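Chemist: Sharing upload.txt (compact mmCIF, N, CA and C atoms and all ligand atoms) below.
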# COMPACT_ATOMS: atom_id res chain seq x y z
N MET A 1 15.33 -13.37 -15.41
CA MET A 1 14.16 -14.22 -15.15
C MET A 1 13.60 -13.95 -13.76
N ALA A 2 12.29 -13.82 -13.66
CA ALA A 2 11.66 -13.51 -12.38
C ALA A 2 10.58 -14.53 -12.04
N ARG A 3 10.38 -14.72 -10.72
CA ARG A 3 9.26 -15.53 -10.22
C ARG A 3 8.10 -14.58 -9.99
N ILE A 4 7.03 -14.77 -10.73
CA ILE A 4 5.96 -13.76 -10.78
C ILE A 4 4.62 -14.30 -10.30
N MET A 5 3.88 -13.45 -9.57
CA MET A 5 2.49 -13.76 -9.24
C MET A 5 1.59 -12.87 -10.11
N VAL A 6 0.64 -13.48 -10.79
CA VAL A 6 -0.29 -12.76 -11.66
C VAL A 6 -1.64 -12.65 -10.93
N VAL A 7 -2.10 -11.40 -10.75
CA VAL A 7 -3.36 -11.17 -10.04
C VAL A 7 -4.37 -10.50 -10.98
N ASP A 8 -5.47 -11.17 -11.22
CA ASP A 8 -6.55 -10.61 -12.03
C ASP A 8 -7.80 -11.45 -11.78
N ASP A 9 -8.96 -10.80 -11.75
CA ASP A 9 -10.19 -11.57 -11.51
C ASP A 9 -10.64 -12.31 -12.77
N ALA A 10 -10.11 -11.96 -13.92
CA ALA A 10 -10.51 -12.63 -15.16
C ALA A 10 -9.48 -13.70 -15.53
N ALA A 11 -9.96 -14.95 -15.58
CA ALA A 11 -9.06 -16.07 -15.89
C ALA A 11 -8.39 -15.87 -17.25
N PHE A 12 -9.13 -15.29 -18.18
CA PHE A 12 -8.59 -15.06 -19.52
C PHE A 12 -7.40 -14.09 -19.48
N MET A 13 -7.52 -13.04 -18.68
CA MET A 13 -6.43 -12.07 -18.54
C MET A 13 -5.21 -12.73 -17.90
N ARG A 14 -5.44 -13.56 -16.88
CA ARG A 14 -4.32 -14.25 -16.23
C ARG A 14 -3.61 -15.16 -17.24
N MET A 15 -4.41 -15.83 -18.05
CA MET A 15 -3.84 -16.75 -19.03
C MET A 15 -3.00 -15.98 -20.07
N MET A 16 -3.52 -14.83 -20.50
CA MET A 16 -2.78 -14.04 -21.49
C MET A 16 -1.46 -13.53 -20.93
N LEU A 17 -1.52 -13.03 -19.69
CA LEU A 17 -0.31 -12.51 -19.07
C LEU A 17 0.70 -13.62 -18.83
N LYS A 18 0.20 -14.76 -18.36
CA LYS A 18 1.09 -15.89 -18.09
C LYS A 18 1.81 -16.31 -19.37
N ASP A 19 1.07 -16.34 -20.46
CA ASP A 19 1.64 -16.71 -21.75
C ASP A 19 2.75 -15.73 -22.16
N ILE A 20 2.47 -14.43 -22.05
CA ILE A 20 3.48 -13.41 -22.41
C ILE A 20 4.72 -13.57 -21.52
N LEU A 21 4.48 -13.70 -20.20
CA LEU A 21 5.60 -13.73 -19.25
C LEU A 21 6.45 -14.99 -19.44
N GLU A 22 5.80 -16.13 -19.66
CA GLU A 22 6.57 -17.37 -19.78
C GLU A 22 7.32 -17.43 -21.12
N LYS A 23 6.72 -16.85 -22.15
CA LYS A 23 7.46 -16.75 -23.43
C LYS A 23 8.67 -15.83 -23.28
N GLY A 24 8.58 -14.89 -22.33
CA GLY A 24 9.70 -13.98 -22.06
C GLY A 24 10.72 -14.58 -21.10
N GLY A 25 10.52 -15.85 -20.71
CA GLY A 25 11.51 -16.53 -19.88
C GLY A 25 11.26 -16.45 -18.39
N HIS A 26 10.11 -15.89 -17.99
CA HIS A 26 9.79 -15.79 -16.56
C HIS A 26 8.97 -16.98 -16.11
N HIS A 27 8.91 -17.16 -14.76
CA HIS A 27 8.08 -18.22 -14.20
C HIS A 27 6.89 -17.61 -13.47
N VAL A 28 5.68 -17.97 -13.87
CA VAL A 28 4.50 -17.56 -13.11
C VAL A 28 4.32 -18.63 -12.03
N ILE A 29 4.65 -18.27 -10.79
CA ILE A 29 4.66 -19.27 -9.71
C ILE A 29 3.31 -19.39 -9.03
N CYS A 30 2.46 -18.35 -9.13
CA CYS A 30 1.12 -18.46 -8.57
C CYS A 30 0.22 -17.39 -9.17
N GLU A 31 -1.07 -17.59 -9.00
CA GLU A 31 -2.07 -16.65 -9.50
C GLU A 31 -3.08 -16.37 -8.40
N ALA A 32 -3.69 -15.19 -8.46
CA ALA A 32 -4.76 -14.86 -7.51
C ALA A 32 -5.86 -14.14 -8.26
N GLU A 33 -7.12 -14.33 -7.78
CA GLU A 33 -8.22 -13.71 -8.52
C GLU A 33 -8.90 -12.58 -7.77
N ASN A 34 -8.37 -12.21 -6.62
CA ASN A 34 -8.84 -10.99 -5.95
C ASN A 34 -7.74 -10.52 -4.99
N GLY A 35 -7.95 -9.34 -4.42
CA GLY A 35 -6.92 -8.73 -3.58
C GLY A 35 -6.61 -9.53 -2.33
N ILE A 36 -7.62 -10.11 -1.72
CA ILE A 36 -7.40 -10.87 -0.48
C ILE A 36 -6.50 -12.08 -0.76
N GLU A 37 -6.84 -12.78 -1.85
CA GLU A 37 -6.04 -13.94 -2.23
C GLU A 37 -4.61 -13.50 -2.59
N ALA A 38 -4.49 -12.34 -3.22
CA ALA A 38 -3.17 -11.83 -3.60
C ALA A 38 -2.29 -11.61 -2.37
N VAL A 39 -2.88 -11.02 -1.34
CA VAL A 39 -2.10 -10.74 -0.12
C VAL A 39 -1.67 -12.06 0.54
N GLU A 40 -2.63 -13.01 0.62
CA GLU A 40 -2.32 -14.31 1.23
C GLU A 40 -1.22 -15.04 0.46
N LYS A 41 -1.34 -15.03 -0.87
CA LYS A 41 -0.35 -15.75 -1.67
C LYS A 41 0.99 -15.03 -1.70
N TYR A 42 0.96 -13.71 -1.58
CA TYR A 42 2.25 -12.99 -1.50
C TYR A 42 3.02 -13.47 -0.28
N LYS A 43 2.32 -13.59 0.85
CA LYS A 43 2.96 -14.06 2.09
C LYS A 43 3.52 -15.46 1.91
N ALA A 44 2.74 -16.32 1.25
CA ALA A 44 3.12 -17.73 1.15
C ALA A 44 4.24 -17.96 0.14
N TYR A 45 4.20 -17.24 -0.99
CA TYR A 45 5.13 -17.54 -2.09
C TYR A 45 6.27 -16.54 -2.24
N ARG A 46 6.12 -15.33 -1.71
CA ARG A 46 7.14 -14.29 -1.85
C ARG A 46 7.67 -14.18 -3.27
N PRO A 47 6.80 -13.87 -4.23
CA PRO A 47 7.27 -13.74 -5.61
C PRO A 47 8.23 -12.55 -5.76
N ASP A 48 9.06 -12.58 -6.82
CA ASP A 48 9.97 -11.46 -7.09
C ASP A 48 9.18 -10.24 -7.57
N LEU A 49 8.03 -10.52 -8.19
CA LEU A 49 7.27 -9.44 -8.81
C LEU A 49 5.80 -9.83 -8.90
N VAL A 50 4.93 -8.82 -8.85
CA VAL A 50 3.48 -9.05 -8.93
C VAL A 50 2.90 -8.20 -10.06
N THR A 51 2.05 -8.79 -10.90
CA THR A 51 1.22 -7.97 -11.78
C THR A 51 -0.16 -7.91 -11.14
N MET A 52 -0.66 -6.68 -10.93
CA MET A 52 -1.87 -6.48 -10.13
C MET A 52 -2.96 -5.76 -10.92
N ASP A 53 -4.04 -6.46 -11.14
CA ASP A 53 -5.23 -5.85 -11.75
C ASP A 53 -5.78 -4.79 -10.80
N ILE A 54 -6.43 -3.76 -11.33
CA ILE A 54 -6.97 -2.71 -10.47
C ILE A 54 -8.37 -3.05 -9.99
N THR A 55 -9.24 -3.42 -10.91
CA THR A 55 -10.64 -3.65 -10.53
C THR A 55 -10.90 -5.14 -10.30
N MET A 56 -11.16 -5.48 -9.04
CA MET A 56 -11.42 -6.89 -8.67
C MET A 56 -12.43 -6.92 -7.54
N PRO A 57 -13.16 -8.04 -7.40
CA PRO A 57 -14.06 -8.17 -6.25
C PRO A 57 -13.26 -8.44 -4.97
N GLU A 58 -13.94 -8.40 -3.85
CA GLU A 58 -13.37 -8.68 -2.50
C GLU A 58 -12.44 -7.55 -2.05
N MET A 59 -11.30 -7.42 -2.74
CA MET A 59 -10.38 -6.32 -2.42
C MET A 59 -9.76 -5.85 -3.73
N GLU A 60 -9.81 -4.53 -3.96
CA GLU A 60 -9.30 -4.00 -5.22
C GLU A 60 -7.77 -3.96 -5.23
N GLY A 61 -7.24 -3.73 -6.43
CA GLY A 61 -5.79 -3.81 -6.63
C GLY A 61 -4.98 -2.82 -5.81
N VAL A 62 -5.46 -1.57 -5.72
CA VAL A 62 -4.67 -0.56 -5.01
C VAL A 62 -4.59 -0.90 -3.52
N GLU A 63 -5.69 -1.40 -2.96
CA GLU A 63 -5.68 -1.79 -1.55
C GLU A 63 -4.76 -2.99 -1.32
N ALA A 64 -4.82 -3.95 -2.23
CA ALA A 64 -3.93 -5.12 -2.12
C ALA A 64 -2.47 -4.70 -2.24
N LEU A 65 -2.20 -3.76 -3.16
CA LEU A 65 -0.85 -3.21 -3.29
C LEU A 65 -0.37 -2.64 -1.96
N ARG A 66 -1.22 -1.84 -1.32
CA ARG A 66 -0.83 -1.22 -0.05
C ARG A 66 -0.56 -2.28 1.02
N GLU A 67 -1.40 -3.31 1.08
CA GLU A 67 -1.19 -4.36 2.10
C GLU A 67 0.10 -5.13 1.83
N ILE A 68 0.36 -5.40 0.56
CA ILE A 68 1.58 -6.13 0.21
C ILE A 68 2.81 -5.29 0.54
N ARG A 69 2.74 -3.99 0.29
CA ARG A 69 3.88 -3.11 0.60
C ARG A 69 4.09 -2.98 2.11
N GLN A 70 3.02 -3.22 2.89
CA GLN A 70 3.19 -3.21 4.35
C GLN A 70 3.89 -4.47 4.82
N ILE A 71 3.62 -5.58 4.13
CA ILE A 71 4.27 -6.85 4.45
C ILE A 71 5.73 -6.81 4.02
N ASP A 72 5.97 -6.22 2.85
CA ASP A 72 7.32 -6.19 2.26
C ASP A 72 7.49 -4.84 1.56
N SER A 73 8.22 -3.94 2.19
CA SER A 73 8.35 -2.58 1.66
C SER A 73 9.12 -2.55 0.35
N ALA A 74 9.80 -3.65 0.02
CA ALA A 74 10.55 -3.72 -1.24
C ALA A 74 9.77 -4.44 -2.33
N ALA A 75 8.52 -4.78 -2.06
CA ALA A 75 7.73 -5.54 -3.03
C ALA A 75 7.64 -4.79 -4.36
N LYS A 76 7.81 -5.54 -5.44
CA LYS A 76 7.75 -4.95 -6.78
C LYS A 76 6.40 -5.30 -7.40
N VAL A 77 5.59 -4.27 -7.61
CA VAL A 77 4.23 -4.49 -8.13
C VAL A 77 4.02 -3.62 -9.37
N ILE A 78 3.53 -4.25 -10.43
CA ILE A 78 3.16 -3.54 -11.65
C ILE A 78 1.64 -3.60 -11.76
N MET A 79 1.00 -2.44 -11.90
CA MET A 79 -0.46 -2.40 -11.99
C MET A 79 -0.93 -2.65 -13.42
N CYS A 80 -2.06 -3.33 -13.54
CA CYS A 80 -2.67 -3.56 -14.85
C CYS A 80 -3.96 -2.76 -14.90
N SER A 81 -4.02 -1.79 -15.79
CA SER A 81 -5.19 -0.92 -15.81
C SER A 81 -5.91 -1.00 -17.14
N ALA A 82 -7.16 -0.61 -17.11
CA ALA A 82 -7.92 -0.45 -18.34
C ALA A 82 -7.96 1.04 -18.66
N MET A 83 -8.40 1.38 -19.85
CA MET A 83 -8.54 2.79 -20.22
C MET A 83 -9.46 3.48 -19.22
N GLY A 84 -9.20 4.73 -18.91
CA GLY A 84 -10.08 5.50 -18.04
C GLY A 84 -9.84 5.29 -16.57
N GLN A 85 -8.71 4.65 -16.19
CA GLN A 85 -8.42 4.42 -14.76
C GLN A 85 -7.23 5.24 -14.28
N GLN A 86 -7.01 6.41 -14.93
CA GLN A 86 -5.83 7.22 -14.62
C GLN A 86 -5.74 7.58 -13.14
N ARG A 87 -6.89 7.89 -12.54
CA ARG A 87 -6.87 8.30 -11.13
C ARG A 87 -6.34 7.17 -10.25
N MET A 88 -6.82 5.94 -10.54
CA MET A 88 -6.37 4.78 -9.78
C MET A 88 -4.89 4.49 -10.03
N VAL A 89 -4.46 4.74 -11.26
CA VAL A 89 -3.05 4.51 -11.58
C VAL A 89 -2.17 5.46 -10.79
N VAL A 90 -2.56 6.74 -10.75
CA VAL A 90 -1.79 7.73 -9.99
C VAL A 90 -1.74 7.33 -8.52
N GLU A 91 -2.90 6.92 -7.99
CA GLU A 91 -2.97 6.47 -6.59
C GLU A 91 -2.03 5.29 -6.35
N ALA A 92 -2.01 4.37 -7.30
CA ALA A 92 -1.17 3.18 -7.18
C ALA A 92 0.31 3.54 -7.21
N ILE A 93 0.69 4.45 -8.10
CA ILE A 93 2.09 4.85 -8.19
C ILE A 93 2.49 5.54 -6.88
N GLN A 94 1.58 6.37 -6.34
CA GLN A 94 1.87 7.04 -5.07
C GLN A 94 1.96 6.04 -3.92
N SER A 95 1.30 4.89 -4.08
CA SER A 95 1.33 3.85 -3.05
C SER A 95 2.46 2.86 -3.27
N GLY A 96 3.32 3.13 -4.24
CA GLY A 96 4.52 2.31 -4.38
C GLY A 96 4.57 1.36 -5.55
N ALA A 97 3.58 1.42 -6.45
CA ALA A 97 3.65 0.56 -7.64
C ALA A 97 4.82 1.03 -8.50
N ARG A 98 5.51 0.07 -9.15
CA ARG A 98 6.68 0.40 -9.95
C ARG A 98 6.32 0.97 -11.31
N ASP A 99 5.19 0.51 -11.84
CA ASP A 99 4.85 0.84 -13.22
C ASP A 99 3.41 0.41 -13.46
N PHE A 100 2.91 0.69 -14.64
CA PHE A 100 1.61 0.13 -14.97
C PHE A 100 1.60 -0.27 -16.44
N ILE A 101 0.79 -1.26 -16.74
CA ILE A 101 0.59 -1.68 -18.12
C ILE A 101 -0.90 -1.58 -18.41
N VAL A 102 -1.21 -1.24 -19.65
CA VAL A 102 -2.60 -0.97 -20.01
C VAL A 102 -3.15 -2.10 -20.87
N LYS A 103 -4.37 -2.53 -20.54
CA LYS A 103 -5.06 -3.54 -21.33
C LYS A 103 -5.58 -2.90 -22.62
N PRO A 104 -5.60 -3.56 -23.76
CA PRO A 104 -5.11 -4.93 -23.97
C PRO A 104 -3.58 -4.99 -23.93
N PHE A 105 -3.05 -6.06 -23.33
CA PHE A 105 -1.61 -6.16 -23.10
C PHE A 105 -0.83 -6.34 -24.39
N GLN A 106 0.31 -5.65 -24.47
CA GLN A 106 1.24 -5.84 -25.58
C GLN A 106 2.48 -6.51 -25.02
N GLY A 107 2.82 -7.65 -25.58
CA GLY A 107 3.93 -8.46 -25.06
C GLY A 107 5.19 -7.67 -24.76
N PRO A 108 5.73 -6.91 -25.74
CA PRO A 108 6.99 -6.20 -25.49
C PRO A 108 6.88 -5.19 -24.35
N ARG A 109 5.73 -4.53 -24.26
CA ARG A 109 5.54 -3.52 -23.21
C ARG A 109 5.51 -4.19 -21.83
N VAL A 110 4.85 -5.36 -21.74
CA VAL A 110 4.77 -6.09 -20.48
C VAL A 110 6.18 -6.52 -20.05
N LEU A 111 6.92 -7.10 -20.98
CA LEU A 111 8.26 -7.62 -20.64
C LEU A 111 9.22 -6.48 -20.31
N ASP A 112 9.03 -5.34 -20.96
CA ASP A 112 9.86 -4.18 -20.67
C ASP A 112 9.60 -3.67 -19.25
N ALA A 113 8.32 -3.62 -18.87
CA ALA A 113 7.97 -3.16 -17.52
C ALA A 113 8.54 -4.11 -16.47
N VAL A 114 8.50 -5.41 -16.76
CA VAL A 114 9.05 -6.40 -15.82
C VAL A 114 10.56 -6.22 -15.70
N ALA A 115 11.23 -6.06 -16.85
CA ALA A 115 12.70 -5.90 -16.83
C ALA A 115 13.09 -4.68 -16.02
N LYS A 116 12.38 -3.59 -16.20
CA LYS A 116 12.69 -2.36 -15.48
C LYS A 116 12.44 -2.50 -13.98
N ALA A 117 11.27 -3.11 -13.66
CA ALA A 117 10.94 -3.27 -12.24
C ALA A 117 11.95 -4.16 -11.54
N MET A 118 12.52 -5.11 -12.29
CA MET A 118 13.51 -6.02 -11.72
C MET A 118 14.90 -5.38 -11.66
N GLY A 119 15.00 -4.14 -12.13
CA GLY A 119 16.27 -3.44 -12.00
C GLY A 119 17.06 -3.35 -13.29
N GLY A 120 16.49 -3.90 -14.36
CA GLY A 120 17.16 -3.78 -15.66
C GLY A 120 16.88 -2.43 -16.27
N THR A 121 17.35 -2.24 -17.48
CA THR A 121 17.16 -0.94 -18.12
C THR A 121 15.95 -0.92 -19.04
N GLY A 122 15.47 -2.09 -19.44
CA GLY A 122 14.34 -2.13 -20.35
C GLY A 122 14.71 -1.52 -21.68
N THR A 123 13.72 -1.14 -22.43
CA THR A 123 14.01 -0.56 -23.75
C THR A 123 13.50 0.86 -23.86
N GLY A 124 13.11 1.44 -22.71
CA GLY A 124 12.71 2.84 -22.73
C GLY A 124 11.26 3.07 -23.15
N GLN A 125 10.46 2.00 -23.16
CA GLN A 125 9.06 2.16 -23.55
C GLN A 125 8.16 2.47 -22.36
N SER A 126 8.72 2.44 -21.17
CA SER A 126 7.88 2.60 -20.00
C SER A 126 7.26 3.98 -19.93
N ALA A 127 6.03 4.01 -19.44
CA ALA A 127 5.32 5.29 -19.34
C ALA A 127 5.64 6.01 -18.04
N VAL A 128 6.27 5.34 -17.11
CA VAL A 128 6.55 5.96 -15.81
C VAL A 128 8.05 5.92 -15.57
N SER A 129 8.63 7.08 -15.35
CA SER A 129 10.07 7.08 -15.06
C SER A 129 10.29 6.78 -13.60
N PRO A 130 11.44 6.16 -13.28
CA PRO A 130 11.70 5.80 -11.88
C PRO A 130 11.77 7.04 -11.01
N VAL A 131 11.26 6.93 -9.80
CA VAL A 131 11.24 8.08 -8.88
C VAL A 131 12.49 8.04 -8.02
MG MG A 201 -10.54 -6.91 -13.19
Output the file's structure in the form of structure tokens.
Modeler:
Amino acid sequence: MARIMVVDDAAFMRMMLKDILEKGGHHVICEAENGIEAVEKYKAYRPDLVTMDITMPEMEGVEALREIRQIDSAAKVIMCSAMGQQRMVVEAIQSGARDFIVKPFQGPRVLDAVAKAMGGTGTGQSAVSPV
């Protein structure tokens, strides 16, 4: 079980992710709707794990990822991407993201990525092998 912060500018996406994560036994302890809010809330709440949308107003996901990793080099961040964002995903992985999940979200894939990022073995569905 992990304490998770969900970051996405779309309330509907946050709601869907929260539902998947809580049904998987995790606690969504806070939410943020842009990168700036994500960085502030990371400092305040210190979640075990962050799901980070890529495209957001104010500050985009990859930049927020970098700022969070500067605050906490061990921060565990999973990027949430849409189709056609491969370049951003590669940039995010190079900036320390643990994994990425692709919209529309599939419950088992999301929970597998969380389990792996938290140090478990998952079920081998992850698209990114550990570095
Ligand atoms: Mg977005």
Chemist: Out of chain A, which residues get strand (DSSP E or B) from DSSP, as a PDB file with N, CA and C atoms, in the coordinates of the input?
Modeler:
ATOM      1  N   ARG A   3      10.380 -14.720 -10.720  1.00  0.00           N
ATOM      2  CA  ARG A   3       9.260 -15.530 -10.220  1.00  0.00           C
ATOM      3  C   ARG A   3       8.100 -14.580  -9.990  1.00  0.00           C
ATOM      4  N   ILE A   4       7.030 -14.770 -10.730  1.00  0.00           N
ATOM      5  CA  ILE A   4       5.960 -13.760 -10.780  1.00  0.00           C
ATOM      6  C   ILE A   4       4.620 -14.300 -10.300  1.00  0.00           C
ATOM      7  N   MET A   5       3.880 -13.450  -9.570  1.00  0.00           N
ATOM      8  CA  MET A   5       2.490 -13.760  -9.240  1.00  0.00           C
ATOM      9  C   MET A   5       1.590 -12.870 -10.110  1.00  0.00           C
ATOM     10  N   VAL A   6       0.640 -13.480 -10.790  1.00  0.00           N
ATOM     11  CA  VAL A   6      -0.290 -12.760 -11.660  1.00  0.00           C
ATOM     12  C   VAL A   6      -1.640 -12.650 -10.930  1.00  0.00           C
ATOM     13  N   VAL A   7      -2.100 -11.400 -10.750  1.00  0.00           N
ATOM     14  CA  VAL A   7      -3.360 -11.170 -10.040  1.00  0.00           C
ATOM     15  C   VAL A   7      -4.370 -10.500 -10.980  1.00  0.00           C
ATOM     16  N   HIS A  27       8.910 -17.160 -14.760  1.00  0.00           N
ATOM     17  CA  HIS A  27       8.080 -18.220 -14.200  1.00  0.00           C
ATOM     18  C   HIS A  27       6.890 -17.610 -13.470  1.00  0.00           C
ATOM     19  N   VAL A  28       5.680 -17.970 -13.870  1.00  0.00           N
ATOM     20  CA  VAL A  28       4.500 -17.560 -13.110  1.00  0.00           C
ATOM     21  C   VAL A  28       4.320 -18.630 -12.030  1.00  0.00           C
ATOM     22  N   ILE A  29       4.650 -18.270 -10.790  1.00  0.00           N
ATOM     23  CA  ILE A  29       4.660 -19.270  -9.710  1.00  0.00           C
ATOM     24  C   ILE A  29       3.310 -19.390  -9.030  1.00  0.00           C
ATOM     25  N   CYS A  30       2.460 -18.350  -9.130  1.00  0.00           N
ATOM     26  CA  CYS A  30       1.120 -18.460  -8.570  1.00  0.00           C
ATOM     27  C   CYS A  30       0.220 -17.390  -9.170  1.00  0.00           C
ATOM     28  N   GLU A  31      -1.070 -17.590  -9.000  1.00  0.00           N
ATOM     29  CA  GLU A  31      -2.070 -16.650  -9.500  1.00  0.00           C
ATOM     30  C   GLU A  31      -3.080 -16.370  -8.400  1.00  0.00           C
ATOM     31  N   ALA A  32      -3.690 -15.190  -8.460  1.00  0.00           N
ATOM     32  CA  ALA A  32      -4.760 -14.860  -7.510  1.00  0.00           C
ATOM     33  C   ALA A  32      -5.860 -14.140  -8.260  1.00  0.00           C
ATOM     34  N   LEU A  49       8.030 -10.520  -8.190  1.00  0.00           N
ATOM     35  CA  LEU A  49       7.270  -9.440  -8.810  1.00  0.00           C
ATOM     36  C   LEU A  49       5.800  -9.830  -8.900  1.00  0.00           C
ATOM     37  N   VAL A  50       4.930  -8.820  -8.850  1.00  0.00           N
ATOM     38  CA  VAL A  50       3.480  -9.050  -8.930  1.00  0.00           C
ATOM     39  C   VAL A  50       2.900  -8.200 -10.060  1.00  0.00           C
ATOM     40  N   THR A  51       2.050  -8.790 -10.900  1.00  0.00           N
ATOM     41  CA  THR A  51       1.220  -7.970 -11.780  1.00  0.00           C
ATOM     42  C   THR A  51      -0.160  -7.910 -11.140  1.00  0.00           C
ATOM     43  N   MET A  52      -0.660  -6.680 -10.930  1.00  0.00           N
ATOM     44  CA  MET A  52      -1.870  -6.480 -10.130  1.00  0.00           C
ATOM     45  C   MET A  52      -2.960  -5.760 -10.920  1.00  0.00           C
ATOM     46  N   ASP A  53      -4.040  -6.460 -11.140  1.00  0.00           N
ATOM     47  CA  ASP A  53      -5.230  -5.850 -11.750  1.00  0.00           C
ATOM     48  C   ASP A  53      -5.780  -4.790 -10.800  1.00  0.00           C
ATOM     49  N   VAL A  77       5.590  -4.270  -7.610  1.00  0.00           N
ATOM     50  CA  VAL A  77       4.230  -4.490  -8.130  1.00  0.00           C
ATOM     51  C   VAL A  77       4.020  -3.620  -9.370  1.00  0.00           C
ATOM     52  N   ILE A  78       3.530  -4.250 -10.430  1.00  0.00           N
ATOM     53  CA  ILE A  78       3.160  -3.540 -11.650  1.00  0.00           C
ATOM     54  C   ILE A  78       1.640  -3.600 -11.760  1.00  0.00           C
ATOM     55  N   MET A  79       1.000  -2.440 -11.900  1.00  0.00           N
ATOM     56  CA  MET A  79      -0.460  -2.400 -11.990  1.00  0.00           C
ATOM     57  C   MET A  79      -0.930  -2.650 -13.420  1.00  0.00           C
ATOM     58  N   CYS A  80      -2.060  -3.330 -13.540  1.00  0.00           N
ATOM     59  CA  CYS A  80      -2.670  -3.560 -14.850  1.00  0.00           C
ATOM     60  C   CYS A  80      -3.960  -2.760 -14.900  1.00  0.00           C
ATOM     61  N   SER A  81      -4.020  -1.790 -15.790  1.00  0.00           N
ATOM     62  CA  SER A  81      -5.190  -0.920 -15.810  1.00  0.00           C
ATOM     63  C   SER A  81      -5.910  -1.000 -17.140  1.00  0.00           C
ATOM     64  N   ASP A  99       5.190   0.510 -11.840  1.00  0.00           N
ATOM     65  CA  ASP A  99       4.850   0.840 -13.220  1.00  0.00           C
ATOM     66  C   ASP A  99       3.410   0.410 -13.460  1.00  0.00           C
ATOM     67  N   PHE A 100       2.910   0.690 -14.640  1.00  0.00           N
ATOM     68  CA  PHE A 100       1.610   0.130 -14.970  1.00  0.00           C
ATOM     69  C   PHE A 100       1.600  -0.270 -16.440  1.00  0.00           C
ATOM     70  N   ILE A 101       0.790  -1.260 -16.740  1.00  0.00           N
ATOM     71  CA  ILE A 101       0.590  -1.680 -18.120  1.00  0.00           C
ATOM     72  C   ILE A 101      -0.900  -1.580 -18.410  1.00  0.00           C
ATOM     73  N   VAL A 102      -1.210  -1.240 -19.650  1.00  0.00           N
ATOM     74  CA  VAL A 102      -2.600  -0.970 -20.010  1.00  0.00           C
ATOM     75  C   VAL A 102      -3.150  -2.100 -20.870  1.00  0.00           C
TER      76      VAL A 102
END
Chemist: Which residues form the shell of 5 Å around ligand MG 201 (chain A) when you count only N, CA and C atoms and all ligand atoms, given as an NGL selection string?
Modeler: :A and (9 or 55-56)
Chemist: Using only N, CA and C atoms, which of A:Lys43, A:Ile54, A:Lys116, A:Leu111 sits nearest A:Val89?
Modeler: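 Closest candidate: A:Ile54.
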Chemist: Of the candidates A:Gly61, A:Pro104, A:Pro47, A:Gly25, which shows the shortest atom-to-atom distance to A:Ala92, using only C-alpha atoms?
Modeler: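 Nearest to A:Ala92: A:Gly61.
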Chemist: If we count only C-alpha atoms, what is near stretch 80-86 of chain A at a cut-off of 8 Å, once residues fewer than 6 positions away on the same chain are taken out, given as a PyMOL selection string?
Modeler: chain A and resi 51-54+100-104
Chemist: Which is closest to A:Ile68 among A:Val39, A:Ala44, A:Val50, A:Ile4, if we use all atoms listed in the file?
Modeler: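 Among A:Val39, A:Ala44, A:Val50, A:Ile4, it is A:Val39 that comes nearest to A:Ile68.
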Chemist: Kindly indicate which residue among A:Leu65, A:Ala97, A:Phe105, A:Val6 lies nearest to A:Val28, using only N, CA and C atoms for the distances.
Modeler: A:Val6
Chemist: When you draw a straight line from atom CA of A:Met79 to atom C of A:Asp99, how long is it in Å?
Modeler: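 So the two atoms, atom CA of A:Met79 and atom C of A:Asp99, lie 5.0 Å apart.
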Chemist: Could you state the separation of atom N of A:Arg69 and atom N of A:Gly96 in Å, given to one decimal place?
Modeler: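 Interatomic distance here is 8.5 Å.
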Chemist: Using only C-alpha atoms, which residue out of A:Ile71, A:Met1, A:Met88, A:Val7 lies closest to A:Lys23?
Modeler: A:Met1
Chemist: Counting all atoms listed in the file, which of A:Arg66, A:Arg14, A:Arg3, A:His27 gets nearest to A:Ser95?
Modeler: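 Closest candidate: A:Arg66.
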Chemist: Which value, in Å to one decimal, gives the distance between atom CA of A:Cys30 and atom CA of A:Val90?
Modeler: 26.4 Å
Chemist: Write down as a VMD selection string the residues belonging to stretch 11-131 of chain A that are assigned helix (DSSP H, G or I) by DSSP computed on the backbone.
Modeler: chain A and resid 11 to 23 35 to 45 61 to 71 86 to 94 107 to 117
